[in-house]
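Student: Questions regarding the structure given below will be posed in turn.
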Amino acid sequence: MASKADADDGAKDGTEAGRAPAMPMARDPAVAVAEEYEAARRTGTREAFELFIARHGDDPLAEQARAELKRLPR
C-alpha cells in the first residue's frame, strides 16, 4: 500500500510536481549596456571605447563613446 508521502514525491528537485523551478528575472538590457559604457569610460582607452561602439553602435551611449574617443590622443 502506497503512503501519502510516496504519492507527494513527484518532483525530486524540491519543486512541486508539474511546476518548473523559478527562474530569475532577465536583466534590463539598457542597464547592461550602461554598465558596459561605464566600464569603458573607467578604462579610458581607445580600445575600450572602440569595443563598446562595435558592440552597441546603435545605442544612444555610442554617441557619447564616440565623443570620448575623439578626445583621446591618437
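Identifiers in the C-alpha cells: chain A, B, ... in order shown; residue index from 1 per chain; ligand index from 1 in order shown.
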When you look at range 45-62 of chain A with a cut-off of 10 Å (counting only C-alpha atoms), what residues show up, excluding the ones that are within fewer than 2 positions of it in the same chain? I need them as JSON, numbers by chain.
Tutor: {"A": [30, 33, 34, 36, 37, 38, 39, 40, 41, 42, 43, 64, 65, 66, 67, 68, 69, 70, 71, 72, 73, 74]}
Student: Could you please take those selected residues and save C-alpha atoms as an mmCIF file, in the first residue's frame?
Tutor:
```cif
data_model
loop_
_atom_site.group_PDB
_atom_site.id
_atom_site.type_symbol
_atom_site.label_atom_id
_atom_site.label_comp_id
_atom_site.auth_asym_id
_atom_site.auth_seq_id
_atom_site.Cartn_x
_atom_site.Cartn_y
_atom_site.Cartn_z
ATOM 1 C CA ALA A 30 19.661 49.088 -21.096
ATOM 2 C CA VAL A 33 24.726 48.497 -21.871
ATOM 3 C CA ALA A 34 25.094 51.404 -19.439
ATOM 4 C CA GLU A 36 29.489 48.399 -20.254
ATOM 5 C CA TYR A 37 29.752 52.082 -21.162
ATOM 6 C CA GLU A 38 30.818 52.964 -17.619
ATOM 7 C CA ALA A 39 33.434 50.203 -17.717
ATOM 8 C CA ALA A 40 34.814 51.599 -20.991
ATOM 9 C CA ARG A 41 34.817 55.101 -19.535
ATOM 10 C CA ARG A 42 36.669 53.960 -16.402
ATOM 11 C CA THR A 43 39.212 52.113 -18.550
ATOM 12 C CA GLN A 64 28.981 59.555 -26.026
ATOM 13 C CA ALA A 65 31.605 56.870 -26.583
ATOM 14 C CA ARG A 66 32.438 58.402 -29.984
ATOM 15 C CA ALA A 67 32.814 61.818 -28.353
ATOM 16 C CA GLU A 68 35.124 60.352 -25.715
ATOM 17 C CA LEU A 69 37.102 58.623 -28.434
ATOM 18 C CA LYS A 70 37.651 61.964 -30.224
ATOM 19 C CA ARG A 71 39.049 63.490 -27.025
ATOM 20 C CA LEU A 72 41.660 60.783 -26.600
ATOM 21 C CA PRO A 73 45.131 61.236 -28.081
ATOM 22 C CA ARG A 74 45.841 59.105 -31.119
#
```
Student: Within range 11-67 of chain A, find each residue whose DSSP state, derived from the backbone, is alpha helix (DSSP H), and express the selection as a ChimeraX atom specification.
Tutor: /A:29-43,46-56,60-67
